[in-house]
Every structure is written in structure tokens, then in C-alpha cells.
$ cat coords_39.pdb   # PDB, C-alpha atoms
ATOM      1  CA  MET A   1       2.329 -25.201  -4.017  1.00  0.00           C
ATOM      2  CA  ILE A   2       3.756 -21.841  -5.103  1.00  0.00           C
ATOM      3  CA  PHE A   3       1.185 -19.925  -3.060  1.00  0.00           C
ATOM      4  CA  ALA A   4       2.288 -21.639   0.185  1.00  0.00           C
ATOM      5  CA  LYS A   5       5.885 -20.605  -0.506  1.00  0.00           C
ATOM      6  CA  ASN A   6       4.704 -17.012  -1.078  1.00  0.00           C
ATOM      7  CA  ILE A   7       2.876 -17.080   2.264  1.00  0.00           C
ATOM      8  CA  ARG A   8       6.023 -18.189   4.080  1.00  0.00           C
ATOM      9  CA  GLY A   9       8.043 -15.594   2.194  1.00  0.00           C
ATOM     10  CA  LEU A  10       5.573 -12.852   3.107  1.00  0.00           C
ATOM     11  CA  ARG A  11       5.710 -13.733   6.789  1.00  0.00           C
ATOM     12  CA  LEU A  12       9.489 -13.835   6.771  1.00  0.00           C
ATOM     13  CA  SER A  13       9.730 -10.590   4.804  1.00  0.00           C
ATOM     14  CA  CYS A  14       7.448  -8.724   7.180  1.00  0.00           C
ATOM     15  CA  PHE A  15       9.474  -9.740  10.205  1.00  0.00           C
ATOM     16  CA  ILE A  16      12.800  -9.033   8.487  1.00  0.00           C
ATOM     17  CA  PHE A  17      11.630  -5.575   7.424  1.00  0.00           C
ATOM     18  CA  ILE A  18      10.769  -4.696  11.027  1.00  0.00           C
ATOM     19  CA  PHE A  19      14.335  -5.316  12.068  1.00  0.00           C
ATOM     20  CA  LEU A  20      15.979  -3.909   8.986  1.00  0.00           C
ATOM     21  CA  CYS A  21      14.118  -0.634   8.565  1.00  0.00           C
ATOM     22  CA  SER A  22      16.104   2.041  10.299  1.00  0.00           C
ATOM     23  CA  CYS A  23      18.354   4.958   9.503  1.00  0.00           C
ATOM     24  CA  ALA A  24      15.754   6.870   7.504  1.00  0.00           C
ATOM     25  CA  VAL A  25      17.514   9.629   5.595  1.00  0.00           C
ATOM     26  CA  GLY A  26      15.200  11.295   3.069  1.00  0.00           C
ATOM     27  CA  LYS A  27      11.486  11.710   2.510  1.00  0.00           C
ATOM     28  CA  THR A  28      11.165   8.390   0.664  1.00  0.00           C
ATOM     29  CA  SER A  29      13.189   6.577   3.317  1.00  0.00           C
ATOM     30  CA  THR A  30      11.051   8.026   6.099  1.00  0.00           C
ATOM     31  CA  ASP A  31       7.906   7.047   4.188  1.00  0.00           C
ATOM     32  CA  ILE A  32       9.183   3.496   3.685  1.00  0.00           C
ATOM     33  CA  VAL A  33      10.004   3.057   7.361  1.00  0.00           C
ATOM     34  CA  ALA A  34       6.551   4.309   8.414  1.00  0.00           C
ATOM     35  CA  TYR A  35       4.890   2.185   5.723  1.00  0.00           C
ATOM     36  CA  VAL A  36       6.568  -1.038   6.804  1.00  0.00           C
ATOM     37  CA  ASN A  37       6.807  -0.552  10.558  1.00  0.00           C
ATOM     38  CA  GLN A  38       3.413   1.052  11.085  1.00  0.00           C
ATOM     39  CA  ASP A  39       1.028   0.565   8.174  1.00  0.00           C
ATOM     40  CA  ILE A  40       1.892  -2.952   7.033  1.00  0.00           C
ATOM     41  CA  MET A  41       2.818  -4.370  10.420  1.00  0.00           C
ATOM     42  CA  ASN A  42      -0.427  -3.082  11.952  1.00  0.00           C
ATOM     43  CA  ILE A  43      -2.494  -5.213   9.575  1.00  0.00           C
ATOM     44  CA  SER A  44      -0.161  -8.091   8.675  1.00  0.00           C
ATOM     45  CA  GLN A  45      -1.446 -10.385  11.426  1.00  0.00           C
ATOM     46  CA  LEU A  46      -4.881 -10.402   9.786  1.00  0.00           C
ATOM     47  CA  GLU A  47      -3.373 -11.592   6.523  1.00  0.00           C
ATOM     48  CA  ILE A  48      -1.133 -14.142   8.207  1.00  0.00           C
ATOM     49  CA  LEU A  49      -4.025 -15.571  10.206  1.00  0.00           C
ATOM     50  CA  ALA A  50      -6.334 -15.735   7.176  1.00  0.00           C
ATOM     51  CA  LEU A  51      -3.671 -17.535   5.150  1.00  0.00           C
ATOM     52  CA  LYS A  52      -2.888 -19.844   8.054  1.00  0.00           C
ATOM     53  CA  TYR A  53      -6.552 -20.891   8.239  1.00  0.00           C
ATOM     54  CA  TYR A  54      -6.627 -21.424   4.474  1.00  0.00           C
ATOM     55  CA  GLY A  55      -3.407 -23.438   4.549  1.00  0.00           C
ATOM     56  CA  SER A  56      -4.808 -25.615   7.334  1.00  0.00           C
ATOM     57  CA  VAL A  57      -7.439 -27.090   4.980  1.00  0.00           C
ATOM     58  CA  THR A  58      -5.681 -27.093   1.600  1.00  0.00           C
ATOM     59  CA  GLY A  59      -2.775 -28.916   0.023  1.00  0.00           C
ATOM     60  CA  ASP A  60      -1.447 -31.679   2.257  1.00  0.00           C
ATOM     61  CA  HIS A  61      -3.994 -30.683   4.931  1.00  0.00           C
ATOM     62  CA  TYR A  62      -7.037 -31.169   2.685  1.00  0.00           C
ATOM     63  CA  THR A  63      -9.657 -33.570   4.014  1.00  0.00           C
ATOM     64  CA  THR A  64     -13.085 -32.576   2.643  1.00  0.00           C
ATOM     65  CA  ASP A  65     -14.691 -29.871   0.557  1.00  0.00           C
ATOM     66  CA  ASP A  66     -17.060 -29.138   3.449  1.00  0.00           C
ATOM     67  CA  ARG A  67     -14.134 -28.382   5.738  1.00  0.00           C
ATOM     68  CA  VAL A  68     -12.565 -26.063   3.152  1.00  0.00           C
ATOM     69  CA  LEU A  69     -15.914 -24.325   2.642  1.00  0.00           C
ATOM     70  CA  SER A  70     -16.411 -23.872   6.380  1.00  0.00           C
ATOM     71  CA  VAL A  71     -12.946 -22.378   6.899  1.00  0.00           C
ATOM     72  CA  LEU A  72     -13.302 -20.083   3.888  1.00  0.00           C
ATOM     73  CA  LYS A  73     -16.720 -18.866   5.005  1.00  0.00           C
ATOM     74  CA  ASN A  74     -16.072 -18.520   8.737  1.00  0.00           C
ATOM     75  CA  HIS A  75     -12.406 -17.570   8.964  1.00  0.00           C
ATOM     76  CA  THR A  76     -10.384 -16.952   5.819  1.00  0.00           C
ATOM     77  CA  ILE A  77     -12.728 -14.651   3.894  1.00  0.00           C
ATOM     78  CA  PRO A  78     -13.803 -12.509   6.882  1.00  0.00           C
ATOM     79  CA  LEU A  79     -10.187 -12.054   8.053  1.00  0.00           C
ATOM     80  CA  TYR A  80      -8.806 -11.461   4.574  1.00  0.00           C
ATOM     81  CA  SER A  81     -11.639  -9.054   3.738  1.00  0.00           C
ATOM     82  CA  ARG A  82     -10.777  -6.985   6.812  1.00  0.00           C
ATOM     83  CA  PHE A  83      -7.084  -7.085   5.911  1.00  0.00           C
ATOM     84  CA  TYR A  84      -7.828  -6.026   2.332  1.00  0.00           C
ATOM     85  CA  ALA A  85     -10.045  -3.137   3.436  1.00  0.00           C
ATOM     86  CA  LEU A  86      -7.307  -1.856   5.749  1.00  0.00           C
ATOM     87  CA  LEU A  87      -4.646  -2.373   3.068  1.00  0.00           C
ATOM     88  CA  ARG A  88      -6.647  -0.212   0.663  1.00  0.00           C
ATOM     89  CA  GLU A  89      -6.775   2.567   3.269  1.00  0.00           C
ATOM     90  CA  ILE A  90      -2.977   2.833   3.348  1.00  0.00           C
ATOM     91  CA  SER A  91      -1.793   5.790   1.333  1.00  0.00           C
ATOM     92  CA  PRO A  92       1.967   6.249   1.203  1.00  0.00           C
ATOM     93  CA  ASN A  93       3.187   9.818   0.796  1.00  0.00           C
ATOM     94  CA  THR A  94       5.711   9.306  -1.996  1.00  0.00           C
ATOM     95  CA  LEU A  95       4.855   8.366  -5.576  1.00  0.00           C
ATOM     96  CA  GLU A  96       7.422   5.544  -5.741  1.00  0.00           C
ATOM     97  CA  LEU A  97       6.028   3.840  -2.661  1.00  0.00           C
ATOM     98  CA  LYS A  98       2.431   4.398  -3.815  1.00  0.00           C
ATOM     99  CA  GLN A  99       3.231   2.563  -7.046  1.00  0.00           C
ATOM    100  CA  VAL A 100       4.830  -0.334  -5.165  1.00  0.00           C
ATOM    101  CA  HIS A 101       1.906  -0.465  -2.722  1.00  0.00           C
ATOM    102  CA  GLN A 102      -0.550  -0.814  -5.609  1.00  0.00           C
ATOM    103  CA  ASN A 103       1.007  -4.203  -6.421  1.00  0.00           C
ATOM    104  CA  TYR A 104       0.107  -5.376  -2.927  1.00  0.00           C
ATOM    105  CA  VAL A 105      -3.436  -4.037  -3.251  1.00  0.00           C
ATOM    106  CA  ARG A 106      -3.880  -5.713  -6.664  1.00  0.00           C
ATOM    107  CA  GLY A 107      -2.447  -9.007  -5.463  1.00  0.00           C
ATOM    108  CA  ALA A 108      -4.458  -9.058  -2.243  1.00  0.00           C
ATOM    109  CA  GLY A 109      -7.624  -8.201  -4.187  1.00  0.00           C
ATOM    110  CA  GLU A 110      -6.957 -11.072  -6.559  1.00  0.00           C
ATOM    111  CA  ILE A 111      -6.422 -13.451  -3.633  1.00  0.00           C
ATOM    112  CA  LEU A 112      -9.632 -12.298  -1.947  1.00  0.00           C
ATOM    113  CA  ASN A 113     -11.616 -12.693  -5.177  1.00  0.00           C
ATOM    114  CA  GLY A 114     -10.108 -16.151  -5.565  1.00  0.00           C
ATOM    115  CA  PHE A 115     -11.188 -17.120  -2.048  1.00  0.00           C
ATOM    116  CA  LYS A 116     -14.722 -15.909  -2.765  1.00  0.00           C
ATOM    117  CA  ALA A 117     -14.847 -17.719  -6.105  1.00  0.00           C
ATOM    118  CA  LYS A 118     -13.594 -20.899  -4.473  1.00  0.00           C
ATOM    119  CA  MET A 119     -16.310 -20.653  -1.833  1.00  0.00           C
ATOM    120  CA  ILE A 120     -18.966 -20.304  -4.557  1.00  0.00           C
ATOM    121  CA  GLY A 121     -17.399 -23.163  -6.506  1.00  0.00           C
ATOM    122  CA  LEU A 122     -17.545 -25.380  -3.433  1.00  0.00           C
ATOM    123  CA  GLU A 123     -21.150 -24.398  -2.709  1.00  0.00           C
ATOM    124  CA  LYS A 124     -22.167 -25.189  -6.301  1.00  0.00           C
ATOM    125  CA  ASN A 125     -19.837 -28.189  -6.579  1.00  0.00           C
ATOM    126  CA  ASP A 126     -18.361 -26.571  -9.705  1.00  0.00           C
ATOM    127  CA  ALA A 127     -14.889 -27.996 -10.347  1.00  0.00           C
ATOM    128  CA  GLY A 128     -14.208 -25.520 -13.165  1.00  0.00           C
ATOM    129  CA  LEU A 129     -14.908 -22.545 -10.924  1.00  0.00           C
ATOM    130  CA  MET A 130     -12.709 -24.018  -8.185  1.00  0.00           C
ATOM    131  CA  GLN A 131      -9.825 -24.429 -10.646  1.00  0.00           C
ATOM    132  CA  LEU A 132     -10.276 -20.861 -11.829  1.00  0.00           C
ATOM    133  CA  ALA A 133     -10.336 -19.696  -8.203  1.00  0.00           C
ATOM    134  CA  ASN A 134      -7.126 -21.596  -7.441  1.00  0.00           C
ATOM    135  CA  ARG A 135      -5.413 -19.902 -10.397  1.00  0.00           C
ATOM    136  CA  GLN A 136      -6.700 -16.540  -9.220  1.00  0.00           C
ATOM    137  CA  ILE A 137      -5.322 -17.140  -5.707  1.00  0.00           C
ATOM    138  CA  GLU A 138      -1.971 -18.201  -7.159  1.00  0.00           C
ATOM    139  CA  GLU A 139      -1.790 -15.168  -9.465  1.00  0.00           C
ATOM    140  CA  GLY A 140      -2.592 -12.898  -6.533  1.00  0.00           C
ATOM    141  CA  GLY A 141       0.230 -14.549  -4.603  1.00  0.00           C
ATOM    142  CA  LYS A 142       2.608 -13.815  -7.479  1.00  0.00           C
ATOM    143  CA  GLU A 143       1.558 -10.144  -7.463  1.00  0.00           C
ATOM    144  CA  VAL A 144       2.175  -9.966  -3.709  1.00  0.00           C
ATOM    145  CA  GLY A 145       5.587 -11.523  -4.362  1.00  0.00           C
ATOM    146  CA  LYS A 146       6.248  -8.785  -6.916  1.00  0.00           C
ATOM    147  CA  TRP A 147       5.333  -6.197  -4.251  1.00  0.00           C
ATOM    148  CA  ARG A 148       7.804  -7.777  -1.815  1.00  0.00           C
ATOM    149  CA  ILE A 149      10.626  -7.657  -4.368  1.00  0.00           C
ATOM    150  CA  GLU A 150       9.891  -4.092  -5.458  1.00  0.00           C
ATOM    151  CA  LEU A 151       9.615  -2.937  -1.842  1.00  0.00           C
ATOM    152  CA  TYR A 152      12.966  -4.489  -1.028  1.00  0.00           C
ATOM    153  CA  GLN A 153      14.508  -2.814  -4.091  1.00  0.00           C
ATOM    154  CA  LEU A 154      13.042   0.530  -3.043  1.00  0.00           C
ATOM    155  CA  ILE A 155      14.359   0.069   0.493  1.00  0.00           C
ATOM    156  CA  THR A 156      17.877  -0.718  -0.659  1.00  0.00           C
ATOM    157  CA  LYS A 157      17.826   2.044  -3.301  1.00  0.00           C
ATOM    158  CA  ASN A 158      16.917   4.609  -0.668  1.00  0.00           C
ATOM    159  CA  LYS A 159      19.293   3.168   1.909  1.00  0.00           C
ATOM    160  CA  SER A 160      16.396   2.759   4.312  1.00  0.00           C
ATOM    161  CA  VAL A 161      17.967  -0.296   5.862  1.00  0.00           C
ATOM    162  CA  LYS A 162      21.068  -1.022   7.797  1.00  0.00           C
ATOM    163  CA  MET A 163      22.213  -4.539   7.003  1.00  0.00           C
ATOM    164  CA  GLU A 164      23.963  -6.299   9.842  1.00  0.00           C
ATOM    165  CA  SER A 165      26.185  -9.224   9.088  1.00  0.00           C
ATOM    166  CA  LYS A 166      25.907 -12.415  11.115  1.00  0.00           C
ATOM    167  CA  LYS A 167      29.055 -13.745  12.685  1.00  0.00           C
TER     168      LYS A 167
END
$ encode --input "coords_39.pdb" --output "C-alpha cells"
Amino acid sequence: MIFAKNIRGLRLSCFIFIFLCSCAVGKTSTDIVAYVNQDIMNISQLEILALKYYGSVTGDHYTTDDRVLSVLKNHTIPLYSRFYALLREISPNTLELKQVHQNYVRGAGEILNGFKAKMIGLEKNDAGLMQLANRQIEEGGKEVGKWRIELYQLITKNKSVKMESKK
């Protein structure tokens, strides 16, 4: 599942950015470092936990619709809703970073809407709505992937990272 790969990539990216963001030089670099190390890292555990719950009942871990519905209702949607609300409150100082951040907000909003639609589809036993919700979740994951790539490009462009080689 593409979405599961995006989740793993997001987790890995967040942890890599913590270690890589240093040596801030200009205004954009300083903004990027604060954005990653403070803003995103302060809320990332909510997203990771919500996606972990969701992943525990989907794909290879799927057992019943009732289990998926329960996890969506009691764990995934409340956690992801809190994450999304906090994500929307983040307001980077520089225009470039604001534009990149909007990809994350759009993608996360799409994922959250997909979770909600899937919950409704499960409650109504509507296979068409569940398929639409799955596509929405996947598209949101792609948008978050786009954010990750554009953030990395912005970091390297502004020399906000010091890459250390492994021996």
C-alpha cells in the first residue's frame, strides 16, 4: 500500500530532519530549523500515533469492519484531528516555507477527511464510500509526500543542513 510507505517515510524524515537541521545561516534557514525542530516535531507524535492505530487494523492487519470502525472512531480520528488542528496553527515566517507548509496542511486535511468518510462508509456499510475514502487517504498521503520532498529541497537550497557522511 502506497500510503503505508508514505507513513514510514514521514516517520523517517521527521527523525532525520531533527539530526540534520543545524547551521542556520539566513532568515529562511533559521525559519526552517525552527519549523522542523520545534513546530513539526512538537506535533509529529500525534500523527505517528494516529497512523499507527490506523495501520494496525488495515492492510495485512485487517480483521473486521467493526474493528476498523472502532479504531477510527476512538483513536485515529481524534488523534489525527488534534494533529491537524495544531498543524493548521503553524505559521512559518518566510513565504517559501509557508508555501511548502500548505502542502502538508492540504495533505493532512485530505487524510483526515478520508478517515471521516471511511468511518461513515463503515457505519452505513457503503462500499463505494469506503473506496472513495481510501482514495482520499492515499491522495492525502501523496500530498504529504510532496511536502516532504519540497521541504528537503528548501533545506538543501538554503544550506540549512550539515550532511555527515557515514564511515
$ residues_around --input "coords_39.pdb" --residues "range 141-154 of chain A" --least-positions-apart "5" --cutoff "6 Å" --atoms "all atoms listed in the file" --output "JSON, numbers by chain"
{"A": [3, 100, 103, 104, 107]}
$ closest_residue --input "coords_39.pdb" --among "A:Ala127, A:Ile155, A:Tyr54, A:Tyr84" --to "Val36 in chain A" --atoms "all atoms listed in the file"
A:Ile155
$ resolve_selection --input "coords_39.pdb" --expression "the PyMOL selection byres ((chain A and resi 53) around 10)" --output "ChimeraX atom specification"
/A:47-52,54-58,68,71-72,74-77,79
$ residues_around --input "coords_39.pdb" --residues "Thr94 in chain A" --least-positions-apart "6" --cutoff "12 Å" --atoms "only C-alpha atoms" --output "number ranges by chain"
A: 26-32, 34-35, 100-101, 154
$ resolve_selection --input "coords_39.pdb" --expression "the PyMOL selection byres ((chain A and resi 109) around 10)" --output "list in words"
Tyr80, Ser81, Tyr84, Ala85, Leu87, Arg88, Asn103, Tyr104, Val105, Arg106, Gly107, Ala108, Glu110, Ile111, Leu112, Asn113, Gly114, Phe115, Gln136, Ile137, Gly140, Glu143 and Val144 of chain A
$ atom_distance --input "coords_39.pdb" --atom1 "CA of Asn158 in chain A" --atom2 "CA of Gln99 in chain A"
15.2 Å
$ resolve_selection --input "coords_39.pdb" --expression "the PyMOL selection byres ((chain A and resi 118) around 8)" --output "PyMOL selection string"
chain A and resi 114-117+119-122+129-130+133-134
$ atom_distance --input "coords_39.pdb" --atom1 "CA of Arg135 in chain A" --atom2 "CA of Asp65 in chain A"
17.5 Å
$ axis_aligned_box --input "coords_39.pdb" --around "range 45-53 of chain A" --padding-each-side "8 Å" --output "JSON"
{"center_x": -3.8, "center_y": -15.6, "center_z": 8.3, "size_x": 21.4, "size_y": 26.5, "size_z": 22.3}
$ closest_residue --input "coords_39.pdb" --among "A:Gln45, A:Val33, A:Ile90, A:Asp39" --to "Thr156 in chain A" --atoms "all atoms listed in the file"
A:Val33
